[in-house]
>>> print(open('my_file.txt').read())   # compact mmCIF, C-alpha atoms
# COMPACT_ATOMS: atom_id res chain seq x y z
CA MET R 1 -16.65 14.89 1.09
CA HIS R 2 -13.40 16.73 1.77
CA LEU R 3 -9.97 16.13 3.30
CA PHE R 4 -11.26 16.56 6.84
CA SER R 5 -14.44 14.52 6.61
CA PRO R 6 -14.30 11.56 9.00
CA LEU R 7 -14.55 8.07 7.51
CA SER R 8 -15.62 4.81 9.09
CA ILE R 9 -14.20 1.59 7.65
CA GLY R 10 -15.58 -1.43 9.46
CA PRO R 11 -14.72 -1.02 13.15
CA THR R 12 -12.26 1.80 12.47
CA ARG R 13 -13.13 5.50 12.33
CA LEU R 14 -10.59 7.84 10.75
CA PRO R 15 -10.83 11.47 11.91
CA ASN R 16 -9.92 12.69 8.42
CA ARG R 17 -8.96 11.34 5.00
CA ILE R 18 -5.23 12.11 5.02
CA VAL R 19 -3.04 9.02 5.37
CA PHE R 20 0.70 8.91 5.84
CA ALA R 21 1.94 6.33 3.32
CA GLY R 22 4.08 3.45 4.55
CA LEU R 23 7.43 4.87 3.53
CA PRO R 24 10.63 3.55 5.11
CA SER R 25 11.28 5.65 8.21
CA GLY R 26 15.04 5.27 8.14
CA HIS R 27 14.82 4.03 11.74
CA ALA R 28 14.16 0.31 11.23
CA SER R 29 16.69 -2.19 12.58
CA ARG R 30 18.36 -5.26 11.13
CA ASP R 31 16.82 -7.50 13.79
CA GLY R 32 13.29 -6.20 13.19
CA SER R 33 12.99 -4.46 16.55
CA ILE R 34 11.45 -1.05 17.16
CA SER R 35 13.65 1.76 18.43
CA PRO R 36 12.55 4.96 20.19
CA ALA R 37 13.45 6.87 17.02
CA PHE R 38 11.17 4.60 14.96
CA THR R 39 8.25 5.24 17.31
CA ALA R 40 8.94 8.97 17.43
CA PHE R 41 8.96 9.19 13.62
CA TYR R 42 5.46 7.75 13.23
CA ALA R 43 4.08 9.48 16.33
CA ALA R 44 5.19 12.81 14.84
CA ARG R 45 3.15 12.17 11.67
CA ALA R 46 0.13 11.39 13.83
CA ALA R 47 0.65 14.51 15.93
CA GLY R 48 0.89 16.52 12.72
CA GLY R 49 -2.74 15.71 11.98
CA ALA R 50 -2.81 12.69 9.63
CA GLY R 51 -6.01 10.70 10.07
CA ALA R 52 -4.12 7.45 9.73
CA VAL R 53 -0.49 6.42 9.75
CA VAL R 54 0.70 3.37 7.78
CA LEU R 55 3.78 1.74 9.26
CA GLU R 56 6.40 0.55 6.82
CA SER R 57 6.33 -3.07 5.66
CA ALA R 58 6.40 -5.58 8.49
CA TRP R 59 8.10 -8.87 7.66
CA PRO R 60 6.12 -12.00 8.56
CA LEU R 61 9.10 -14.38 8.29
CA ALA R 62 12.37 -14.20 10.21
CA PRO R 63 15.35 -13.70 7.88
CA SER R 64 17.92 -16.48 7.87
CA ALA R 65 20.78 -14.00 8.43
CA GLN R 66 21.43 -10.34 9.15
CA THR R 67 19.73 -8.45 6.37
CA ILE R 68 18.40 -5.02 5.45
CA PRO R 69 16.68 -2.97 8.17
CA HIS R 70 13.04 -3.92 8.58
CA LEU R 71 10.08 -4.03 10.94
CA GLY R 72 9.57 -7.56 12.20
CA LEU R 73 6.29 -9.32 12.99
CA TYR R 74 7.56 -12.90 13.07
CA HIS R 75 7.82 -13.37 16.87
CA ASP R 76 5.24 -12.81 19.58
CA ARG R 77 7.88 -10.93 21.54
CA GLN R 78 7.66 -8.18 18.92
CA ILE R 79 4.05 -7.43 19.83
CA ALA R 80 4.76 -5.33 22.94
CA ASP R 81 7.06 -2.82 21.24
CA LEU R 82 4.70 -2.48 18.29
CA GLY R 83 1.88 -1.95 20.77
CA SER R 84 3.81 0.89 22.40
CA CYS R 85 4.36 2.52 19.01
CA ILE R 86 0.69 2.19 18.11
CA GLU R 87 -0.33 3.60 21.49
CA ARG R 88 1.72 6.72 20.75
CA ILE R 89 -0.03 7.07 17.38
CA HIS R 90 -3.44 6.66 19.03
CA SER R 91 -2.56 9.16 21.73
CA ALA R 92 -1.89 11.72 19.01
CA GLY R 93 -5.36 11.14 17.56
CA SER R 94 -4.59 8.98 14.54
CA CYS R 95 -5.35 5.42 13.46
CA ALA R 96 -2.50 2.98 12.90
CA LEU R 97 -2.30 0.58 9.95
CA VAL R 98 0.49 -1.95 9.46
CA GLN R 99 1.64 -2.84 5.96
CA ILE R 100 2.61 -6.51 5.59
CA ASP R 101 5.13 -7.57 2.96
CA GLN R 102 8.59 -9.07 2.57
CA PRO R 103 11.09 -9.41 -0.30
CA ILE R 104 10.89 -13.17 -0.90
CA VAL R 105 11.48 -14.84 -4.26
CA ILE R 106 8.76 -17.43 -4.74
CA ALA R 107 9.64 -18.96 -8.12
CA SER R 108 11.14 -22.09 -6.54
CA LEU R 109 8.47 -22.53 -3.85
CA SER R 110 5.98 -25.38 -4.09
CA ASP R 111 2.26 -24.83 -3.71
CA GLU R 112 2.67 -26.03 -0.13
CA GLY R 113 5.41 -23.46 0.37
CA LEU R 114 3.11 -20.73 -0.87
CA GLY R 115 0.52 -21.97 1.59
CA GLN R 116 3.06 -21.35 4.34
CA ILE R 117 3.50 -17.80 3.04
CA SER R 118 -0.23 -17.23 3.50
CA LYS R 119 -0.13 -18.65 7.03
CA ALA R 120 2.81 -16.42 7.93
CA TRP R 121 1.02 -13.31 6.64
CA ILE R 122 -2.08 -14.20 8.68
CA ALA R 123 0.07 -14.79 11.78
CA ALA R 124 1.69 -11.37 11.27
CA ALA R 125 -1.77 -9.80 11.00
CA GLN R 126 -2.70 -11.51 14.27
CA ARG R 127 0.32 -9.96 15.97
CA ALA R 128 -0.58 -6.54 14.55
CA CYS R 129 -4.12 -6.98 15.86
CA SER R 130 -2.81 -8.02 19.28
CA ALA R 131 -0.65 -4.88 19.30
CA GLY R 132 -3.75 -2.73 18.81
CA ALA R 133 -3.49 -1.91 15.11
CA ASP R 134 -6.60 -0.48 13.50
CA GLY R 135 -5.87 -2.37 10.32
CA VAL R 136 -3.40 -4.13 8.08
CA LEU R 137 -2.57 -3.61 4.41
CA LEU R 138 -1.55 -6.64 2.38
CA SER R 139 0.96 -5.27 -0.09
CA CYS R 140 0.77 -6.49 -3.68
CA VAL R 141 3.46 -4.08 -4.90
CA ASP R 142 7.23 -3.65 -4.54
CA GLY R 143 8.00 -7.17 -5.76
CA GLY R 144 6.70 -9.12 -2.75
CA PRO R 145 5.16 -12.60 -2.99
CA PHE R 146 1.65 -11.47 -3.86
CA GLN R 147 2.79 -9.12 -6.60
CA GLN R 148 4.92 -11.92 -8.03
CA LEU R 149 1.88 -14.19 -8.07
CA LEU R 150 -0.48 -11.66 -9.62
CA SER R 151 1.83 -10.56 -12.43
CA PRO R 152 2.11 -12.79 -15.53
CA LEU R 153 5.60 -11.32 -15.97
CA THR R 154 6.86 -13.06 -12.82
CA ASN R 155 4.37 -15.89 -12.37
CA GLN R 156 5.41 -18.64 -14.75
CA ARG R 157 4.00 -21.39 -12.55
CA ALA R 158 1.84 -24.29 -13.57
CA GLY R 159 -0.77 -25.77 -11.29
CA ARG R 160 -2.97 -24.22 -8.66
CA PHE R 161 -1.44 -20.72 -8.48
CA GLY R 162 -0.27 -20.17 -12.06
CA GLY R 163 -1.77 -19.54 -15.46
CA PRO R 164 -5.02 -17.54 -15.81
CA LEU R 165 -5.86 -14.63 -13.54
CA ASP R 166 -8.29 -16.64 -11.42
CA ARG R 167 -5.47 -18.96 -10.37
CA ARG R 168 -2.85 -16.23 -10.02
CA MET R 169 -5.02 -14.42 -7.48
CA GLN R 170 -6.23 -17.53 -5.65
CA LEU R 171 -3.71 -17.39 -2.79
CA LEU R 172 -4.40 -13.70 -2.21
CA GLN R 173 -8.13 -14.36 -2.18
CA ASP R 174 -7.71 -17.23 0.29
CA THR R 175 -5.57 -15.03 2.53
CA VAL R 176 -7.99 -12.10 2.45
CA GLU R 177 -10.95 -14.38 3.21
CA ARG R 178 -9.20 -15.91 6.20
CA MET R 179 -8.08 -12.54 7.54
CA HIS R 180 -11.56 -11.12 7.13
CA ALA R 181 -13.11 -14.05 8.97
CA ARG R 182 -10.65 -13.70 11.84
CA PHE R 183 -10.18 -9.94 12.19
CA SER R 184 -13.09 -8.03 10.62
CA ALA R 185 -14.72 -7.28 13.98
CA ARG R 186 -11.50 -5.76 15.36
CA MET R 187 -9.60 -4.18 12.48
CA VAL R 188 -9.62 -3.34 8.78
CA VAL R 189 -8.10 -5.74 6.27
CA GLY R 190 -6.92 -3.69 3.30
CA LEU R 191 -5.02 -4.17 0.08
CA ARG R 192 -2.21 -2.22 -1.57
CA LEU R 193 -2.71 -3.09 -5.22
CA LEU R 194 -0.55 -2.67 -8.32
CA VAL R 195 -3.16 -1.67 -10.91
CA GLU R 196 -1.03 -1.33 -14.06
CA GLU R 197 2.49 -2.47 -14.93
CA PHE R 198 2.81 -0.45 -18.15
CA THR R 199 4.65 -3.38 -19.70
CA PRO R 200 3.30 -5.69 -22.42
CA GLY R 201 2.17 -8.95 -20.87
CA GLY R 202 1.96 -7.43 -17.37
CA VAL R 203 -0.95 -6.61 -15.11
CA THR R 204 -3.42 -4.26 -16.80
CA LEU R 205 -5.99 -1.93 -15.32
CA GLN R 206 -8.73 -4.33 -16.38
CA ASP R 207 -6.96 -7.16 -14.52
CA ALA R 208 -6.73 -4.92 -11.47
CA ARG R 209 -10.43 -4.08 -11.62
CA VAL R 210 -11.21 -7.80 -11.52
CA ILE R 211 -8.74 -8.36 -8.65
CA ALA R 212 -10.03 -5.40 -6.64
CA ARG R 213 -13.65 -6.46 -7.09
CA ARG R 214 -12.90 -10.06 -6.14
CA MET R 215 -10.89 -9.05 -3.06
CA SER R 216 -13.53 -6.63 -1.87
CA ILE R 217 -16.04 -9.46 -2.02
CA ALA R 218 -13.57 -11.67 -0.14
CA GLY R 219 -13.34 -9.12 2.67
CA ALA R 220 -10.84 -6.38 1.76
CA ARG R 221 -12.31 -3.18 3.18
CA LEU R 222 -9.80 -0.72 1.71
CA VAL R 223 -7.88 -0.62 -1.59
CA GLU R 224 -4.81 1.54 -2.09
CA VAL R 225 -4.12 2.13 -5.78
CA PHE R 226 -0.49 2.00 -6.89
CA ALA R 227 1.25 2.09 -10.26
CA PRO R 228 5.02 2.18 -10.90
CA THR R 229 7.02 5.05 -12.29
CA VAL R 230 9.03 2.69 -14.50
CA GLY R 231 7.80 0.50 -17.32
CA ALA R 232 8.18 -0.29 -21.01
CA VAL R 233 5.41 2.13 -22.02
CA PRO R 234 6.48 5.83 -22.06
CA MET R 235 4.51 7.82 -19.49
CA ALA R 236 4.21 11.43 -18.42
CA TYR R 237 4.33 11.63 -14.64
CA PHE R 238 2.68 14.65 -13.06
CA PRO R 239 0.97 15.30 -9.72
CA GLY R 240 -2.14 13.17 -9.54
CA TRP R 241 -1.32 10.95 -12.51
CA ARG R 242 -2.56 7.88 -10.62
CA THR R 243 -5.93 9.52 -9.88
CA PRO R 244 -7.73 8.27 -13.05
CA LEU R 245 -6.56 4.75 -12.18
CA ALA R 246 -8.06 5.16 -8.71
CA ALA R 247 -11.34 6.35 -10.20
CA ALA R 248 -11.45 3.26 -12.43
CA ILE R 249 -10.98 0.99 -9.41
CA ARG R 250 -13.48 2.92 -7.30
CA ALA R 251 -16.12 2.36 -9.97
CA VAL R 252 -16.08 -1.41 -9.43
CA VAL R 253 -15.74 -1.74 -5.64
CA ASP R 254 -18.00 -0.83 -2.73
CA VAL R 255 -15.14 -0.05 -0.34
CA PRO R 256 -12.98 3.07 0.15
CA VAL R 257 -10.19 3.64 -2.36
CA MET R 258 -6.95 5.44 -1.51
CA VAL R 259 -4.53 7.09 -3.91
CA GLY R 260 -1.27 8.99 -3.62
CA ASP R 261 1.38 10.69 -5.75
CA LEU R 262 -0.13 14.11 -5.15
CA ASN R 263 1.67 17.39 -4.65
CA ASP R 264 1.57 19.51 -1.51
CA ASP R 265 -1.31 21.73 -2.65
CA PRO R 266 -4.28 21.24 -0.25
CA GLU R 267 -6.79 22.40 -2.87
CA PHE R 268 -5.51 19.84 -5.35
CA ALA R 269 -5.58 16.99 -2.82
CA ASN R 270 -9.07 18.02 -1.74
CA SER R 271 -10.29 18.04 -5.36
CA VAL R 272 -9.42 14.35 -5.72
CA LEU R 273 -11.98 13.62 -3.01
CA ALA R 274 -14.50 16.26 -4.07
CA ASP R 275 -14.52 14.80 -7.59
CA ARG R 276 -15.17 11.33 -6.12
CA CYS R 277 -12.04 9.87 -7.70
CA ALA R 278 -10.96 8.41 -4.34
CA ASP R 279 -12.01 8.35 -0.70
CA LEU R 280 -8.61 8.83 0.91
CA VAL R 281 -5.33 10.44 -0.10
CA CYS R 282 -2.02 8.99 1.04
CA MET R 283 0.82 11.45 1.34
CA GLY R 284 4.33 10.05 1.42
CA GLU R 285 7.15 12.49 0.84
CA VAL R 286 4.87 15.43 1.67
CA LEU R 287 4.29 14.24 5.26
CA ARG R 288 7.77 12.81 5.61
CA ASP R 289 9.17 16.27 4.95
CA ASP R 290 6.47 18.23 6.79
CA ALA R 291 4.60 16.29 9.48
CA ALA R 292 2.35 19.30 10.17
CA TRP R 293 1.08 19.54 6.58
CA PRO R 294 -2.47 18.43 7.57
CA LYS R 295 -2.75 21.33 9.99
CA ARG R 296 -1.61 23.77 7.33
CA ALA R 297 -4.00 22.19 4.83
CA ARG R 298 -6.92 22.63 7.20
CA ALA R 299 -6.08 26.30 7.69
CA ALA R 300 -5.80 26.79 3.93
CA LEU R 301 -9.08 25.06 3.11
CA PHE R 302 -11.07 26.51 6.00
CA PRO R 303 -9.56 29.85 6.94
CA ASP R 304 -12.64 30.79 8.97
CA GLY R 305 -12.40 27.54 10.96
CA ARG R 306 -15.73 26.21 9.66
CA GLU R 307 -15.78 22.91 7.76
>>> encode(input="my_file.txt", output="structure tokens")
Amino acid sequence: MHLFSPLSIGPTRLPNRIVFAGLPSGHASRDGSISPAFTAFYAARAAGGAGAVVLESAWPLAPSAQTIPHLGLYHDRQIADLGSCIERIHSAGSCALVQIDQPIVIASLSDEGLGQISKAWIAAAQRACSAGADGVLLSCVDGGPFQQLLSPLTNQRAGRFGGPLDRRMQLLQDTVERMHARFSARMVVGLRLLVEEFTPGGVTLQDARVIARRMSIAGARLVEVFAPTVGAVPMAYFPGWRTPLAAAIRAVVDVPVMVGDLNDDPEFANSVLADRCADLVCMGEVLRDDAAWPKRARAALFPDGRE
């Protein structure tokens, strides 16, 4: 297994194992629409040789007022423009995944209100599927609703979705199961998971191993491992520091695991796969700054052209 080995995940076949992470493009709009510059940004990362491109977080719910720039997936009329963007990515030889998340505070929502969150996320996934996406990633990081539910630091609820871990992850499990039942024949349902909060009382790696295992059984076919660079516990951050966390998750799931926070050294990125710590590497700033990095990495790893 190396950076340029193909990988099949359900109905989706990635030509290589380099993924452009869903970073903000800087070209999103306040009304959620897609501009030519937005499409060109992601198409360029595909043309540069990434096996898959993750589009920045798509919001499932329409904001009540003008807000921060975002990608919208809350109206059917947004499907066509997303489809055009995805077509450009496909034409360049890459797969297209859409990350689904939105900054919504859920503390005051009822259980019924949280149920509406799940329905909105599933509806957004349906629109992504209709637009031709190869997969969706449910984000459980960056403070969105599912991270708030999973973390004991932010979930102080009683009742169905609060308290022990089984209840805190119930809505996510329900959502994954429903997405898998509806979309598994047409696209990948994946998970972007916070695996350690580095704060007493927060999500621990052992919690995350339970969550990842449970969600893979529910139908998640890809797990991206994420951990924050801030927390109460002092940490040394160096290229690849999340890799041992990815290896710990990979040991308990039977689906591909993706990890990032690597440097721009092709040999180093390749070693993460060769050592079986992960199955995919997601490159954020590296590909944002140099869309053609995959082509340079291939030349560095295989100077004679033979893989």
>>> atom_distance(input="my_file.txt", atom1="CA of Arg242 in chain R", atom2="CA of Ala299 in chain R")
26.2 Å
>>> atom_distance(input="my_file.txt", atom1="CA of Leu14 in chain R", atom2="CA of Gly51 in chain R")
5.4 Å
>>> residues_around(input="my_file.txt", residues="range 77-83 of chain R", least_positions_apart="6", cutoff="8 Å", atoms="all atoms listed in the file", output="list in words")
Ser33, Ile34, Arg127, Ala128, Ser130, Ala131, Gly132 and Ala133 of chain R
>>> closest_residue(input="my_file.txt", among="R:Trp121, R:Ser184, R:Asp174, R:Phe198", to="Ala236 in chain R", atoms="only C-alpha atoms")
R:Phe198
>>> closest_residue(input="my_file.txt", among="R:Ala50, R:Ala124, R:Ile211, R:Ala158", to="Ala297 in chain R", atoms="all atoms listed in the file")
R:Ala50
>>> closest_residue(input="my_file.txt", among="R:Ala123, R:Ala269, R:Met258, R:Met283", to="Arg298 in chain R", atoms="all atoms listed in the file")
R:Ala269
>>> atom_distance(input="my_file.txt", atom1="CA of Glu87 in chain R", atom2="CA of Arg192 in chain R")
23.9 Å
>>> closest_residue(input="my_file.txt", among="R:Arg214, R:Lys119, R:Arg13, R:Arg178", to="Ala96 in chain R", atoms="all atoms listed in the file")
R:Arg13
>>> residues_near_point(input="my_file.txt", point="(-1.3, -12.7, -1.5)", cutoff="6 Å", atoms="all atoms listed in the file", output="NGL selection string")
:R and (146 or 171-172)
>>> residues_around(input="my_file.txt", residues="Ser110 in chain R", least_positions_apart="4", cutoff="12 Å", atoms="all atoms listed in the file", output="list of chain:residue names")
R:Val105, R:Ile106, R:Leu114, R:Gly115, R:Gln116, R:Ile117, R:Arg157, R:Ala158, R:Gly159, R:Arg160, R:Phe161, R:Gly162
>>> build_atoms(input="my_file.txt", residues="range 68-87 of chain R", atoms="N, CA and C atoms", output="compact mmCIF listing (two decimals), keeping the file's coordinate frame")
# COMPACT_ATOMS: atom_id res chain seq x y z
N ILE R 68 18.69 -6.45 5.48
CA ILE R 68 18.40 -5.02 5.45
C ILE R 68 17.51 -4.64 6.63
N PRO R 69 17.55 -3.40 7.06
CA PRO R 69 16.68 -2.97 8.17
C PRO R 69 15.21 -3.19 7.82
N HIS R 70 14.44 -3.61 8.82
CA HIS R 70 13.04 -3.92 8.58
C HIS R 70 12.27 -3.91 9.90
N LEU R 71 10.97 -3.85 9.79
CA LEU R 71 10.08 -4.03 10.94
C LEU R 71 9.69 -5.49 10.97
N GLY R 72 9.86 -6.14 12.11
CA GLY R 72 9.57 -7.56 12.20
C GLY R 72 8.25 -7.85 12.90
N LEU R 73 7.50 -8.81 12.35
CA LEU R 73 6.29 -9.32 12.99
C LEU R 73 6.28 -10.84 12.91
N TYR R 74 7.44 -11.45 13.18
CA TYR R 74 7.56 -12.90 13.07
C TYR R 74 7.74 -13.57 14.43
N HIS R 75 7.76 -12.80 15.52
CA HIS R 75 7.82 -13.37 16.87
C HIS R 75 6.79 -12.67 17.75
N ASP R 76 6.19 -13.42 18.66
CA ASP R 76 5.24 -12.81 19.58
C ASP R 76 5.91 -11.76 20.47
N ARG R 77 7.21 -11.91 20.69
CA ARG R 77 7.88 -10.93 21.54
C ARG R 77 7.97 -9.55 20.88
N GLN R 78 7.65 -9.47 19.60
CA GLN R 78 7.66 -8.18 18.92
C GLN R 78 6.36 -7.41 19.11
N ILE R 79 5.37 -8.05 19.68
CA ILE R 79 4.05 -7.43 19.83
C ILE R 79 4.09 -6.24 20.79
N ALA R 80 4.79 -6.38 21.91
CA ALA R 80 4.76 -5.33 22.94
C ALA R 80 5.31 -4.01 22.42
N ASP R 81 6.46 -4.05 21.73
CA ASP R 81 7.06 -2.82 21.24
C ASP R 81 6.19 -2.19 20.15
N LEU R 82 5.61 -3.03 19.29
CA LEU R 82 4.70 -2.48 18.29
C LEU R 82 3.50 -1.85 18.98
N GLY R 83 3.01 -2.50 20.02
CA GLY R 83 1.88 -1.95 20.77
C GLY R 83 2.19 -0.58 21.35
N SER R 84 3.42 -0.41 21.86
CA SER R 84 3.81 0.89 22.40
C SER R 84 3.85 1.96 21.32
N CYS R 85 4.34 1.59 20.14
CA CYS R 85 4.36 2.52 19.01
C CYS R 85 2.94 2.90 18.60
N ILE R 86 2.07 1.93 18.50
CA ILE R 86 0.69 2.19 18.11
C ILE R 86 -0.03 3.03 19.16
N GLU R 87 0.27 2.79 20.43
CA GLU R 87 -0.33 3.60 21.49
C GLU R 87 0.04 5.07 21.35
